[in-house]
Amino acid sequence: MNGVFRSKVKKISGHLCLWCLIVSMVNPSILVAYSEFEANSKIQRLLDKSVAKSKGVEFGLLLLHSDNLDIHWNLSSGEGVVDDSRFHIASIGKIFSSTLIGQLVDEGTLTYTTHISSLLPDSLLDDLFVFKGQDYRDEIQIHHLLNHSSGVADWFDDKPKHGPGFLELAMESPGQEKTHDEALAFVQNNLQAVAAPDEKFHYSDTGYLLLGKIIEEITGLTLEENLHQRIFDPLGMDESQLLFYSEPVDSNATPMLPVWMGDVEITSHKWFKADWAGGGIVSSTEDLLLFMQALTKHELVDETTLESWWDMEKFGYGMDYGYGILALRFNKFSPFYSDELNVWGNWGSTATFMFYNPKYNLYLIGTFNQSKYIRKVVPFLMKVMRIVDRMEK
């Protein structure tokens, strides 16, 4: 559930440029190194301040783990949160869908250039890829869906020329269940493709719903069965589930934390079910760490497959999108951030995040569960990286 983020990218970039101009006035070469205790304390204060001074943010979770630095800091701020709190991870879930596709690539079942029309029925693709009177369905390949270059409209964020969008309708009836099939049908009946394939980047949760359909079609198993059998169970992610479709292995797992879109709490909204392969997973910071460690160590997909994910499209200034992964290039915002401090992973529209920094073998995972905070996630992570970079090594 991250389509809403696409419309905020320009605003985020603007905030970042201003913020980083101020930060850049401080030359890091003259700064004193932090002890581990000082670094931990500063990051905790940063988290506390972010929660206390951000409108609508009730809590924050942040897990920092690095074997290289010998740290495992599970930090939290706000009421009602604990170390094993579970949250709706939103579009972080796109990495999971990309991983399942990557495993099928490793197994030789498909390739990133496989045409989706050879895998899905015509009825499912009708009217999805028609641009300026031409139907491009037979030209769409797997990689187009993964890096949002297919041109298909976004069920979550795009609106018809006349009438309300899918999300607007869903928000008006929060108790009414909405499925991914209904989301796809809405796109077919109400929206038009925004471009021909490879013409432009257009963030689309619709593409990831189609990837979910492809995963089910090829394996003969449901998406939730694939997630549990191929990822959750082998990694011991016992607190994770696909919301509305499965339950966590751990029967004592904590309830999902409240989620806000602006001033509206959407925790109990049943249209969440439509998110599915685009970001419908509920998990915890510790479970997400297990996943991200396995991914970076090539335990889930082969190294060559993971490298292919870096077929990037420009998402925004300093932000590039590959096969389910987002690269944040902090060095683009400040001359005092080297490219060694950049991170990659993904995030969601409710200010969820899961990133990795290769230099320090550092994982940064957490959430603020508030869509209003999404524009502040990058500055927050940059501040965290600055503190980590100044630790005594």
# chains A, B, ... in the order shown; residues from 1 in each chain; ligands from 1
$ select_by_dssp --residues "segment 122-282 of chain A" --states "strand (DSSP E or B)" --output "NGL selection string"
:A and (130-131 or 134-135 or 141 or 241-242 or 256 or 260-261 or 264-265 or 281-282)
$ residues_around --residues "Ser284 of chain A" --least-positions-apart "4" --cutoff "12 Å" --atoms "only C-alpha atoms" --output "CSV table (one decimal) with N, CA and C atoms, in the first residue's frame"
chain,number,residue,atom,x,y,z
A,61,LEU,N,9.0,2.7,15.9
A,61,LEU,CA,9.8,1.5,16.2
A,61,LEU,C,11.0,1.7,15.3
A,62,LEU,N,12.2,1.3,15.8
A,62,LEU,CA,13.4,1.3,15.1
A,62,LEU,C,14.3,0.2,15.5
A,63,LEU,N,14.7,-0.7,14.6
A,63,LEU,CA,15.6,-1.8,14.9
A,63,LEU,C,16.9,-1.5,14.1
A,74,ASN,N,17.0,-2.6,19.6
A,74,ASN,CA,15.6,-2.6,19.3
A,74,ASN,C,14.9,-1.5,20.1
A,81,VAL,N,3.7,0.1,22.6
A,81,VAL,CA,4.6,-0.6,21.8
A,81,VAL,C,5.6,-1.4,22.6
A,82,VAL,N,5.9,-2.6,22.1
A,82,VAL,CA,6.9,-3.5,22.8
A,82,VAL,C,7.8,-4.0,21.7
A,83,ASP,N,8.9,-4.7,22.1
A,83,ASP,CA,9.9,-5.1,21.2
A,83,ASP,C,9.4,-6.0,20.1
A,84,ASP,N,8.4,-6.8,20.4
A,84,ASP,CA,7.8,-7.7,19.3
A,84,ASP,C,6.5,-7.2,18.7
A,85,SER,N,6.3,-5.9,18.8
A,85,SER,CA,5.1,-5.3,18.2
A,85,SER,C,5.0,-5.6,16.7
A,86,ARG,N,3.8,-5.9,16.2
A,86,ARG,CA,3.7,-6.2,14.8
A,86,ARG,C,2.9,-5.1,14.1
A,87,PHE,N,3.3,-4.8,12.8
A,87,PHE,CA,2.7,-3.7,12.1
A,87,PHE,C,2.5,-4.1,10.7
A,88,HIS,N,1.5,-3.4,10.0
A,88,HIS,CA,1.3,-3.6,8.6
A,88,HIS,C,2.4,-3.0,7.9
A,89,ILE,N,3.2,-3.7,7.1
A,89,ILE,CA,4.4,-3.2,6.5
A,89,ILE,C,4.2,-2.5,5.2
A,92,ILE,N,6.7,-2.3,1.8
A,92,ILE,CA,7.8,-3.2,2.0
A,92,ILE,C,7.5,-4.6,1.4
A,232,PHE,N,8.5,-17.3,5.1
A,232,PHE,CA,8.2,-17.2,6.5
A,232,PHE,C,8.7,-18.5,7.3
A,237,MET,N,10.1,-16.9,10.5
A,237,MET,CA,9.4,-15.6,10.7
A,237,MET,C,8.0,-16.0,11.3
A,238,ASP,N,8.0,-16.3,12.5
A,238,ASP,CA,6.8,-16.9,13.1
A,238,ASP,C,5.7,-15.8,13.5
A,239,GLU,N,6.1,-14.6,13.4
A,239,GLU,CA,5.1,-13.5,13.7
A,239,GLU,C,4.5,-12.9,12.5
A,240,SER,N,4.8,-13.4,11.3
A,240,SER,CA,4.4,-12.8,10.1
A,240,SER,C,3.2,-13.5,9.5
A,241,GLN,N,2.4,-12.8,8.7
A,241,GLN,CA,1.2,-13.3,8.1
A,241,GLN,C,0.9,-12.4,6.9
A,248,PRO,N,-0.2,-15.9,11.8
A,248,PRO,CA,1.2,-16.2,12.1
A,248,PRO,C,1.3,-17.5,12.8
A,250,ASP,N,3.2,-18.1,15.3
A,250,ASP,CA,3.2,-17.8,16.7
A,250,ASP,C,1.7,-17.4,17.2
A,253,ALA,N,1.4,-14.1,19.0
A,253,ALA,CA,1.9,-12.9,18.4
A,253,ALA,C,1.0,-11.7,18.7
A,254,THR,N,1.6,-10.5,18.9
A,254,THR,CA,0.9,-9.3,19.3
A,254,THR,C,-0.1,-8.9,18.2
A,255,PRO,N,-1.2,-8.2,18.6
A,255,PRO,CA,-2.1,-7.7,17.6
A,255,PRO,C,-1.4,-6.7,16.7
A,256,MET,N,-1.9,-6.4,15.5
A,256,MET,CA,-1.3,-5.4,14.6
A,256,MET,C,-1.5,-4.0,15.3
A,257,LEU,N,-0.4,-3.2,15.2
A,257,LEU,CA,-0.5,-1.9,15.8
A,257,LEU,C,-1.4,-1.0,15.0
A,288,LEU,N,11.4,-9.0,10.1
A,288,LEU,CA,11.9,-8.4,8.9
A,288,LEU,C,13.4,-8.4,8.8
A,289,LEU,N,14.0,-8.4,10.0
A,289,LEU,CA,15.5,-8.5,10.0
A,289,LEU,C,15.9,-9.9,9.5
A,290,LEU,N,15.2,-10.9,9.9
A,290,LEU,CA,15.5,-12.3,9.4
A,290,LEU,C,15.4,-12.4,7.9
A,291,PHE,N,14.4,-11.7,7.4
A,291,PHE,CA,14.2,-11.7,5.9
A,291,PHE,C,15.3,-11.0,5.2
A,352,THR,N,6.6,3.1,7.0
A,352,THR,CA,7.3,1.9,7.3
A,352,THR,C,8.6,1.9,6.5
A,353,PHE,N,9.6,1.2,7.0
A,353,PHE,CA,10.8,1.2,6.3
A,353,PHE,C,11.7,0.0,6.6
A,354,MET,N,12.4,-0.5,5.6
A,354,MET,CA,13.3,-1.7,5.8
A,354,MET,C,14.5,-1.5,4.8
A,365,ILE,N,15.3,-0.9,10.3
A,365,ILE,CA,13.9,-1.4,10.1
A,365,ILE,C,13.0,-0.7,11.1
A,366,GLY,N,11.8,-0.3,10.7
A,366,GLY,CA,10.9,0.3,11.6
A,366,GLY,C,9.7,0.9,11.0
A,367,THR,N,9.0,1.7,11.8
A,367,THR,CA,7.7,2.3,11.3
A,367,THR,C,7.3,3.4,12.2
$ closest_residue --among "A:Ala90, A:Ile71, A:Ile95, A:Val249" --to "Tyr360 of chain A" --atoms "only C-alpha atoms"
A:Ile71
$ residues_around --residues "Gly279 of chain A" --least-positions-apart "5" --cutoff "6 Å" --atoms "only C-alpha atoms" --output "MDAnalysis selection string"
chainID A and resid 1 90:91 93:94
$ residues_around --residues "Ser77 of chain A" --least-positions-apart "2" --cutoff "10 Å" --atoms "only C-alpha atoms" --output "short mmCIF file (atom, residue, chain, number, x, y, z; two decimals) with C-alpha atoms, in the first residue's frame"
data_model
loop_
_atom_site.label_atom_id
_atom_site.label_comp_id
_atom_site.auth_asym_id
_atom_site.auth_seq_id
_atom_site.Cartn_x
_atom_site.Cartn_y
_atom_site.Cartn_z
CA GLN A 44 16.77 6.98 21.03
CA ARG A 45 16.39 10.74 21.62
CA LEU A 46 15.96 11.26 17.89
CA LEU A 47 13.20 8.64 17.84
CA ASP A 48 11.51 10.15 20.89
CA LYS A 49 11.62 13.62 19.35
CA SER A 50 10.24 12.36 16.06
CA VAL A 51 7.24 10.86 17.83
CA ALA A 52 6.67 13.74 20.25
CA GLU A 58 1.60 7.99 18.23
CA PHE A 59 4.67 5.75 18.31
CA GLY A 60 7.85 4.78 16.52
CA LEU A 61 9.80 1.54 16.16
CA LEU A 62 13.43 1.28 15.06
CA LEU A 75 14.27 0.88 20.09
CA GLU A 79 2.54 4.20 24.24
CA GLY A 80 1.49 0.62 23.61
CA VAL A 81 4.56 -0.63 21.76
CA VAL A 82 6.87 -3.48 22.76
CA PHE A 368 5.82 5.34 12.44
#
$ closest_residue --among "A:Glu247, A:Glu307, A:Glu199, A:Glu392" --to "Tyr136 of chain A" --atoms "only C-alpha atoms"
A:Glu199
$ closest_residue --among "A:Ile140, A:Leu128, A:Met261, A:Leu242" --to "Ile374 of chain A" --atoms "only C-alpha atoms"
A:Met261
$ residues_around --residues "Lys359 of chain A" --least-positions-apart "2" --cutoff "10 Å" --atoms "only C-alpha atoms" --output "PyMOL selection string"
chain A and resi 68+339-343+356-357+361-362+389
$ write_last_selection --atoms "N, CA, C and O atoms" --output "mmCIF file, in the first residue's frame"
data_model
loop_
_atom_site.group_PDB
_atom_site.id
_atom_site.type_symbol
_atom_site.label_atom_id
_atom_site.label_comp_id
_atom_site.auth_asym_id
_atom_site.auth_seq_id
_atom_site.Cartn_x
_atom_site.Cartn_y
_atom_site.Cartn_z
ATOM 1 N N ASN A 68 28.935 -6.243 11.936
ATOM 2 C CA ASN A 68 30.229 -5.562 11.845
ATOM 3 C C ASN A 68 30.466 -4.641 13.034
ATOM 4 O O ASN A 68 31.579 -4.534 13.542
ATOM 5 N N ASP A 339 28.727 8.039 -0.910
ATOM 6 C CA ASP A 339 27.835 6.999 -1.415
ATOM 7 C C ASP A 339 27.913 5.736 -0.571
ATOM 8 O O ASP A 339 27.049 4.860 -0.681
ATOM 9 N N GLU A 340 28.936 5.633 0.293
ATOM 10 C CA GLU A 340 29.033 4.476 1.189
ATOM 11 C C GLU A 340 27.958 4.485 2.272
ATOM 12 O O GLU A 340 27.733 3.475 2.935
ATOM 13 N N LEU A 341 27.293 5.624 2.456
ATOM 14 C CA LEU A 341 26.239 5.724 3.464
ATOM 15 C C LEU A 341 24.851 5.528 2.859
ATOM 16 O O LEU A 341 23.846 5.562 3.571
ATOM 17 N N ASN A 342 24.771 5.294 1.562
ATOM 18 C CA ASN A 342 23.483 5.053 0.916
ATOM 19 C C ASN A 342 22.893 3.721 1.378
ATOM 20 O O ASN A 342 23.609 2.829 1.841
ATOM 21 N N VAL A 343 21.583 3.593 1.219
ATOM 22 C CA VAL A 343 20.885 2.381 1.657
ATOM 23 C C VAL A 343 19.956 1.911 0.552
ATOM 24 O O VAL A 343 19.571 2.675 -0.339
ATOM 25 N N TYR A 356 19.034 -1.395 4.069
ATOM 26 C CA TYR A 356 20.323 -2.041 4.339
ATOM 27 C C TYR A 356 21.442 -1.153 3.835
ATOM 28 O O TYR A 356 21.377 -0.613 2.723
ATOM 29 N N ASN A 357 22.485 -0.994 4.665
ATOM 30 C CA ASN A 357 23.681 -0.257 4.277
ATOM 31 C C ASN A 357 24.858 -1.229 4.217
ATOM 32 O O ASN A 357 25.263 -1.778 5.249
ATOM 33 N N ASN A 361 27.241 -3.128 7.020
ATOM 34 C CA ASN A 361 26.404 -4.324 7.132
ATOM 35 C C ASN A 361 25.275 -4.041 8.123
ATOM 36 O O ASN A 361 24.995 -4.827 9.022
ATOM 37 N N LEU A 362 24.643 -2.893 7.912
ATOM 38 C CA LEU A 362 23.677 -2.348 8.864
ATOM 39 C C LEU A 362 22.253 -2.442 8.316
ATOM 40 O O LEU A 362 21.981 -2.070 7.181
ATOM 41 N N ASP A 389 27.728 6.559 11.594
ATOM 42 C CA ASP A 389 29.000 6.798 10.916
ATOM 43 C C ASP A 389 30.015 7.452 11.851
ATOM 44 O O ASP A 389 31.235 7.332 11.639
#
$ atom_distance --atom1 "atom CA of Gly163 of chain A" --atom2 "atom CA of Gly175 of chain A"
20.9 Å
$ atom_distance --atom1 "atom CA of Ala33 of chain A" --atom2 "atom CA of Asp70 of chain A"
16.7 Å
